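See structure below.
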Amino acid sequence: YEAKLKRGIQKIIGQSGTFKDWGGERSDLYTTKVQLNGRRIATAMAFKGLATTGELTPEKMGKRGTQITRLFEEPAELFLVVYEGPISSYVKSQMQASALFHSQAGKKIYYGVLDRDDIKCLRNTYPEAFK
C-alpha cells in the first residue's frame with residue numbers, strides 16, 4: 001500500500017526509478033522534481049504505510065523514533081511526512097524543531113505533512129496516477 005502511494009506521488013511529480021525501503025534509510029523518496037514557487041527544490045519524503053495504525057506519532061517513526069531526525073539529514077530544502085491517517089501534532093513539532101536547527105546554517109527549510117485528507121485530494125485530482 002505504501003509502495004502504491006509512493007508510486008502515485010512519483011507519477012504526479014515526474015520522478016522515475018524505484019526506491020526500496022530498508023530500516024536505516026534517511027528518506028523513502030528523495031527527488032529534485034518537486035517545484036516550489038516556480039523552481040525545482042530538493043525534497044525528502046517519509047512514507048508510513050499500512051503497518052502503522054492509528055494516529056502517527058514520533059515513536060511510530062523508526063525503530064527508535066528517529067525517522068524524522070534521519071529525514072532531515074537529507075540534502076534537501078523540503079521535508080514531508082506522508083501518512084494516510086491522522087498525524088499527531090508531536091510529529092509536526094519534531095519537524096519544526098529539525099527545520100529550525102537546519103535553517104541556522106542560513107538555508108531556507110520547508111516542511112509539512114500529507115495526511116489522509118491531503119492524499120484523498122491527490123487521489124481525486126490525479127486518479128490516473130494511483131491506478
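By convention in this document, the chains of the C-alpha cells carry letters A, B, ... by their order, each chain's residues are numbered from 1, and ligands are numbered from 1 in the order they are shown.
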Q: Would you list the contacts of range 128-130 of chain A as a list in words, taking every protein, DNA or RNA residue within 12 Å and counting only C-alpha atoms, but skipping same-chain residues closer than 4 positions in sequence?
A: Tyr1, Glu2, Ala3, Lys4, Leu5, Lys6, Arg7, Gly8, Ile9, Gln10, Lys11, Ile12, Ile13, Gly14, Gln15, Ile119, Lys120, Cys121, Leu122, Arg123 and Asn124 of chain A
(Q) Going by DSSP on the backbone, which residues of range 67-126 of chain A come out as strand (DSSP E)? List them as a list in words. (A) Leu78, Phe79, Leu80, Val81, Val82, Tyr83, Tyr110, Tyr111, Gly112, Val113 and Leu114 of chain A
Q) Just how far from CA of Ser103 in chain A is CA of Thr57 in chain A, in Å to one decimal? A) 23.6 Å
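Among the candidate residues A:Thr52, A:Thr43, A:Thr66, A:Ser93, the one lying nearest to Ile109 in chain A is A:Thr43, with distances computed using only C-alpha atoms.
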So that I can see what lies close to Gly85 in chain A, please list as a PDB file with all heavy atoms, in the first residue's frame the residues with an atom at most 9 Å from it, counting only C-alpha atoms and leaving out residues fewer than 5 positions away in the same chain.
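This is the output file selection-v5.pdb:
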ATOM      1  N   THR A  53      -0.684   1.953  12.378  1.00  0.00           N
ATOM      2  CA  THR A  53      -2.116   2.121  12.596  1.00  0.00           C
ATOM      3  C   THR A  53      -2.364   3.253  13.583  1.00  0.00           C
ATOM      4  O   THR A  53      -1.496   3.613  14.377  1.00  0.00           O
ATOM      5  CB  THR A  53      -2.750   0.826  13.144  1.00  0.00           C
ATOM      6  OG1 THR A  53      -2.100   0.479  14.365  1.00  0.00           O
ATOM      7  CG2 THR A  53      -2.627  -0.310  12.144  1.00  0.00           C
ATOM      8  N   GLY A  54      -3.554   3.809  13.507  1.00  0.00           N
ATOM      9  CA  GLY A  54      -3.928   4.879  14.418  1.00  0.00           C
ATOM     10  C   GLY A  54      -3.203   6.170  14.092  1.00  0.00           C
ATOM     11  O   GLY A  54      -2.669   6.351  13.001  1.00  0.00           O
ATOM     12  N   GLU A  55      -3.202   7.059  15.056  1.00  0.00           N
ATOM     13  CA  GLU A  55      -2.555   8.354  14.866  1.00  0.00           C
ATOM     14  C   GLU A  55      -1.038   8.166  14.764  1.00  0.00           C
ATOM     15  O   GLU A  55      -0.436   7.435  15.551  1.00  0.00           O
ATOM     16  CB  GLU A  55      -2.892   9.274  16.043  1.00  0.00           C
ATOM     17  CG  GLU A  55      -2.333  10.664  15.881  1.00  0.00           C
ATOM     18  CD  GLU A  55      -2.728  11.582  17.027  1.00  0.00           C
ATOM     19  OE1 GLU A  55      -2.562  11.185  18.194  1.00  0.00           O
ATOM     20  OE2 GLU A  55      -3.202  12.689  16.734  1.00  0.00           O
ATOM     21  N   LEU A  56      -0.444   8.829  13.796  1.00  0.00           N
ATOM     22  CA  LEU A  56       1.004   8.750  13.615  1.00  0.00           C
ATOM     23  C   LEU A  56       1.686   9.638  14.650  1.00  0.00           C
ATOM     24  O   LEU A  56       1.436  10.838  14.722  1.00  0.00           O
ATOM     25  CB  LEU A  56       1.397   9.194  12.204  1.00  0.00           C
ATOM     26  CG  LEU A  56       2.881   9.116  11.879  1.00  0.00           C
ATOM     27  CD1 LEU A  56       3.381   7.667  11.943  1.00  0.00           C
ATOM     28  CD2 LEU A  56       3.150   9.719  10.506  1.00  0.00           C
ATOM     29  N   ASP A 115      -1.583  14.241   5.092  1.00  0.00           N
ATOM     30  CA  ASP A 115      -2.381  13.289   5.852  1.00  0.00           C
ATOM     31  C   ASP A 115      -3.488  12.719   4.963  1.00  0.00           C
ATOM     32  O   ASP A 115      -3.506  12.945   3.754  1.00  0.00           O
ATOM     33  CB  ASP A 115      -2.937  13.931   7.125  1.00  0.00           C
ATOM     34  CG  ASP A 115      -3.914  15.071   6.864  1.00  0.00           C
ATOM     35  OD1 ASP A 115      -4.353  15.273   5.701  1.00  0.00           O
ATOM     36  OD2 ASP A 115      -4.256  15.775   7.827  1.00  0.00           O
ATOM     37  N   ARG A 116      -4.409  11.998   5.560  1.00  0.00           N
ATOM     38  CA  ARG A 116      -5.441  11.324   4.759  1.00  0.00           C
ATOM     39  C   ARG A 116      -6.262  12.298   3.912  1.00  0.00           C
ATOM     40  O   ARG A 116      -6.635  11.969   2.795  1.00  0.00           O
ATOM     41  CB  ARG A 116      -6.327  10.458   5.638  1.00  0.00           C
ATOM     42  CG  ARG A 116      -7.322  11.227   6.455  1.00  0.00           C
ATOM     43  CD  ARG A 116      -8.304  10.310   7.171  1.00  0.00           C
ATOM     44  NE  ARG A 116      -8.437  10.812   8.523  1.00  0.00           N
ATOM     45  CZ  ARG A 116      -8.508  10.060   9.583  1.00  0.00           C
ATOM     46  NH1 ARG A 116      -8.485   8.769   9.467  1.00  0.00           N
ATOM     47  NH2 ARG A 116      -8.619  10.596  10.763  1.00  0.00           N
ATOM     48  N   ASP A 117      -6.549  13.497   4.423  1.00  0.00           N
ATOM     49  CA  ASP A 117      -7.317  14.466   3.645  1.00  0.00           C
ATOM     50  C   ASP A 117      -6.528  14.947   2.428  1.00  0.00           C
ATOM     51  O   ASP A 117      -7.075  15.073   1.332  1.00  0.00           O
ATOM     52  CB  ASP A 117      -7.720  15.663   4.513  1.00  0.00           C
ATOM     53  CG  ASP A 117      -8.660  15.271   5.644  1.00  0.00           C
ATOM     54  OD1 ASP A 117      -9.424  14.297   5.481  1.00  0.00           O
ATOM     55  OD2 ASP A 117      -8.623  15.933   6.696  1.00  0.00           O
TER      56      ASP A 117
END
Q. What does the distance from CA of Ile68 in chain A to CA of Gln94 in chain A come to in Å, to one decimal?
A. 7.3 Å
Q: Record the distance separating CA of Pro127 in chain A and CA of Met95 in chain A, expressed in Å with one decimal.
A: 29.4 Å
